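The structure appears right after this line, and notes come after that.
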2 protein chains.
Amino acid sequence: MVRSKGNPVAASPPTGTPSIGLKELAAHLGLSSATVSLVINRSPGAKSIPHATQERVRAAARELNYRPNLMARSLRQKRSFTIGVVLPEISEGYAALVLSGIEDYLLQEGYFYFVVSHRHRADLIEEYPSLLQQRAVEGIIAVDTVLTGPTGIPAVAISGHRQVPGVTNIVLDHNLAAHLALEHLQKSGHTRIAMIKGQDFSSDTEIRWRALHSVAEQLGIVIDDKLTIQLDSDSSSPEVGYVVTRKLLERNEPFTALFAFNDISAIGAIQALRESGKRVPEDVSVIGFDDIQSAAYQNPGLTTVRQPLRQMGVIAAETLLARVNSPRQEEYPNEIVVKPEFIVRGSTANVRHLVSLP
Amino acid sequence: MVRSKGNPVAASPPTGTPSIGLKELAAHLGLSSATVSLVINRSPGAKSIPHATQERVRAAARELNYRPNLMARSLRQKRSFTIGVVLPEISEGYAALVLSGIEDYLLQEGYFYFVVSHRHRADLIEEYPSLLQQRAVEGIIAVDTVLTGPTGIPAVAISGHRQVPGVTNIVLDHNLAAHLALEHLQKSGHTRIAMIKGQDFSSDTEIRWRALHSVAEQLGIVIDDKLTIQLDSDSSSPEVGYVVTRKLLERNEPFTALFAFNDISAIGAIQALRESGKRVPEDVSVIGFDDIQSAAYQNPGLTTVRQPLRQMGVIAAETLLARVNSPRQEEYPNEIVVKPEFIVRGSTANVRHLVSLP
DNA sequence: GTGCTATGGTAAATCGATTTATTACCTACA
DNA sequence: TGTAGGTAATAAATCGATTTACCATAGCAC
C-alpha cells in the first residue's frame with residue numbers, strides 16, 4: 001500500500017473555500033515550487049530541508065487550502081489512484097452487494113473507481129476494459145463477467161471462471177455449495193428435485209451446474225432432465241424465475257423441491273408455484289442462491305446458499321490493490337476460493353407427499 | 001452536448017493491442033504533433049489541411065491504435081468528462097435503481113462517473129464533494145443526500161429538498177403521492193391508519209410527512225400520534241421496519257392499515273405483523289413507497305407508491321450535463337418535479353373489521 | 001588556503017496532449 | 001512589382017504538478 005490507511009479525508013478543508021495552485025503557494029512562501037512540492041509529498045528529497053521550513057510550508061498549505069491538481073500529478077507520475085469496475089448491470093441484489101464491498105475497501109485506501117455496466121452486450125464487454133485503460137485506471141475488477149483477453153493491467157474477476165493471463169479469479173467453492181443444498185434436501189426426504197439452471201451468459205452457470213451433477217452423483221441423487229429448466233431472459237427481476245417455473249409446471253412432472261439458480265429466480269418461482277396452487281414449503285421446498293438482502297424477508301423466508309458477496313468485493317479490491325502496488329507484476333494469485341454458507345429459513349421443509357399428477 | 005451521441009465505443013480497436021502516443025504517430029506520418037492533433041480532434045484549425053492528409057492521419061491513427069492520453073488532454077482542456085455521484089450507500093432498492101438510470105445516460109454521452117457513499121456520516125457528506133472536485137469532476141449528483149453548501153460546480157440533487165445555490169433539485173410530487181395512497185385507503189374503508197415516518201437523516205422524511213398531514217386533513221383522515229412511529233436505525237434492511245412495527249404493536253392501539261416510509265420498511269413491517277398473528281391484507285393493509293424491484297414479488301405483492309427512480313436518475317444526469325455544457329452557468333432550473341404512480345397489489349384490501357384489543 | 005561535506009535550496013526538464021501565433025510558399029490581382 | 005489572400009503546415013507556449021541535476025554557502029579538517 002502506498003497510501004496511508006484510515007480516513008482519507010480527515011484533513012480536508014471545508015467545501016467552498018477556493019483552492020490555489022502550487023505556484024501561488026510557493027510565491028506566497030517565497031520559495032520555489034520544487035521545494036514546496038518536495039515538502040508536501042514528504043519525498044526523500046526533502047530531507048535536507050529544515051523542520052522549521054517544512055512546518056511553515058505545511059501551515060501555509062493548510063491555510064490557503066492548497067489542493068494539488070490530480071490531473072497534473074497523474075500525468076507526471078503515471079498513477080491515477082483509480083480503478084475500473086465492469087459488471088453486467090447495477091441491480092438490486094448481487095451486484096449492489098459486491099460493489100458495496102469494493103467501494104468500502106477502495107475509498108479507505110484513497111482510490112476512486114469508475115463503474116461501467118455492459119448488460120451482457122458482447123461489444124461492450126470487449127470495449128470497456130480498453131476504454132477504462134484510456135481513462136488511466138490502474139486495475140480492473142470484473143464482476144460476473146468473462147474478460148475476453150489479457151488486459152495489460154492487473155485485473156481481478158469475481159466469478160470469472162476462465163483462466164486469462166493476468167487475471168486473478170475469486171470464486172465460490174461450488175462443490176461445497178452443492179453439497180450443502182443437496183444434503184439438506186436429501187435429509188429432508190426429497191428425491192424429486194427440480195433444478196433451475198442459470199442463463200448461459202452468467203459466468204457461474206456452467207461451473208455450478210457441473211458441481212451440482214457431481215455432488216448429486218456422490219449423494220445418489222438423480223437429476224432428472226424432465227425436472228430441469230434453464231433461465232433465458234436477461235432481465236434481473238424475479239420475472240425470469242416466474243416464467244420458467246410456469247413452464248416447468250406445465251410438464252406435469254411431480255417434484256417436492258426446487259433448487260433455483262439464485263434468490264431472484266427463486267422468488268419468482270415461489271410466486272409461480274403459489275399461483276398454481278402449490279404451497280411453499282408444504283408442497284414444494286425452495287432453495288435459492290446468493291442470500292441477497294431481501295431473501296430473509298420473503299414470506300416464508302428463503303432458504304438459500306449464502307455467497308459472501310460483500311466480502312468477495314472486499315477481497316477483490318484488496319487483491320487488486322496489492323497487485324497494483326506490488327513491484328513484481330508477474331507474480332499474482334490465480335485463484336482465491338471463498339466458502340458458501342447454508343442459510344435455513346422457512347422455504348424448505350421435510351417432504352410430506354409427492355405432488356400428485358392431475 | 002459536446003459529444004456525439006450513440007455508442008461511444010463503436011470505433012475502439014481490440015483490447016490488448018499496445019497503444020502509442022501522439023508524438024510517435026506524428027513521427028510515423030512525417031508530420032508535426034500539432035497537425036495530427038488538429039486532425040484527430042476535428043478542430044476548426046484543421047480546415048486548411050487537405051482532405052487527403054486528414055484521411056492519411058486518421059488511417060494511421062486507426063492502424064497504430066492511437067489513443068490520446070486523457071490525463072494530458074484533461075490537464076490542458078480543463079475538462080475531465082467525469083462526474084461524481086454521492087449517495088448514502090450502494091444498497092438494494094433505491095440507490096441501485098437511481099444509479100442505473102444515471103449510468104445509462106452518462107455513458108451514452110461519453111462521461112464516466114465516480115461513486116462515493118457516505119453512510120450518513122456528516123464528515124463524509126461534507127468532504128466528499130471537495131474530494132470529487134479535486135478529482136476534477138465537472139458536476140455532482142447527490143442522491144438522497146443534503147449537500148451542505150454550494151459546490152462551485154454544477155450539482156443536481158435527487159430528493160435533496162433544500163435550496164442550495166447552484167443545485168438543481170429533482171423531487172417527487174409528494175402531495176400527489178400522499179393523495180394516491182390515502183385516498184386508496186379511505187375508499188377501502190380504513191380510518192385507523194398507522195404511519196411509519198422515515199429516519200431523520202433521509203432527505204425525503206420531512207417533506208413527505210408534511211404532505212401526508214396536509215392531504216390527510218383535506219380528506220378528513222385523522223393521523224393519530226399513537227399510531228405513528230419513526231424509523232431510526234440507519235440500516236438498509238427490512239429489519240428497520242420490523243423493529244418499529246413490533247414497537248407499534250406493543251402499544252395495543254388497533255389499526256387496519258399501515259403506510260410505511262418505503263418498501264424496505266414495509267417488508268419488515270409485514271413480517272412483524274404476521275408474527276403477531278395478523279394477516280396481510282385481511283387484518284391489516286400495508287402500503288409501501290418506491291416500488292423497488294422486489295416489491296412486486298413479495299407475498300402478497302406490495303401495494304406501493306411508485307417513484308420513477310430510474311427515470312429520476314436519467315433526468316438528473318441529463319440536467320447535469322446540460323448545465324455542465326451550457327455557456328450560461330448562472331442559469332439553471334431550481335427544481336424539477338416528477339410524478340408518482342400508485343401500484344395496487346395484494347397487500348391492501350377493503351377493511352373488514354378493526355383489529356380488536358386483546 | 002585548499003579541499004571536502006553538509007545544508008538549503010533552485011532551475012529546468014518532463015509527463016502528453018492542446019492551441020495560438022507564425023512561417024513559407026504560391027497564386028492572383030491591381 | 002508589390003501585396004493581399006489562401007493553403008499547408010509548424011514552433012512553441014501551456015496546463016500544474018514531479019523530479020533530477022545542480023548550485024551556493026558555510027563549516028571544518030588538514
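Ordering of the C-alpha cells sets the chain letters (A, B, ...), residue numbers begin anew at 1 in every chain, and ligands are numbered from 1 in the order given.
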
Compile the residues of chain B that lie within 6 Å of chain A, evaluated using only C-alpha atoms, and express the compilation as number ranges by chain. B: 15, 71, 75, 90-93, 96, 100, 113-114, 130

Any chance you could list, as a list in words, the residues in segment 266-358 of chain B that come up strand (DSSP E or B) when DSSP is run on the backbone? Ser285, Val286, Ile287, Gly288, Phe289, Asp290, Thr303, Thr304, Val305, Arg306, Glu335, Ile336, Val337, Val338, Glu341, Phe342 and Ile343 of chain B

Please find the residues of chain B near chain D - the criterion being any atom within 12 Å, counting only C-alpha atoms (C1' of nucleotides) - and write them as a list in words. Gly30, Leu31, Ser32, Ser33, Ala34, Thr35, Val36, Leu38, Val39, Gly45, Ala46, Lys47, Ser48, Ile49, Pro50, His51, Ala52, Thr53, Gln54, Met71, Ala72, Arg73, Ser74, Leu75, Arg76, Gln77, Lys78 and Arg79 of chain B

Per residue of chain C within 9 Å of chain B, record the nearest atom pair and its distance in Å to one decimal, counting only C-alpha atoms (C1' of nucleotides), with rows in chain order and ascending residue number, as CSV.
```
residue,atom,partner,partner_atom,distance
C:DC15,C1',B:Ala72,CA,7.8
C:DG16,C1',B:Ala72,CA,5.1
C:DA17,C1',B:Ala72,CA,4.9
C:DT18,C1',B:Arg76,CA,6.2
C:DT19,C1',B:Ala34,CA,8.6
```

Determine, counting only C-alpha atoms (C1' of nucleotides), which protein, DNA and RNA residues have an atom within 12 Å of an atom of Asp225 of chain A; residues of the same chain fewer than 3 positions away are not included. Present the result as a PyMOL selection string. chain A and resi 192-197+213+222+228-230+248+251+253

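Atom pair atom CA of Ala257 of chain A / atom CA of Ala181 of chain A has a distance of 10.9 Å (rounded to one decimal).
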
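Take atom CA of Asp173 of chain A and atom CA of Gly241 of chain A: the distance between them is 23.8 Å.
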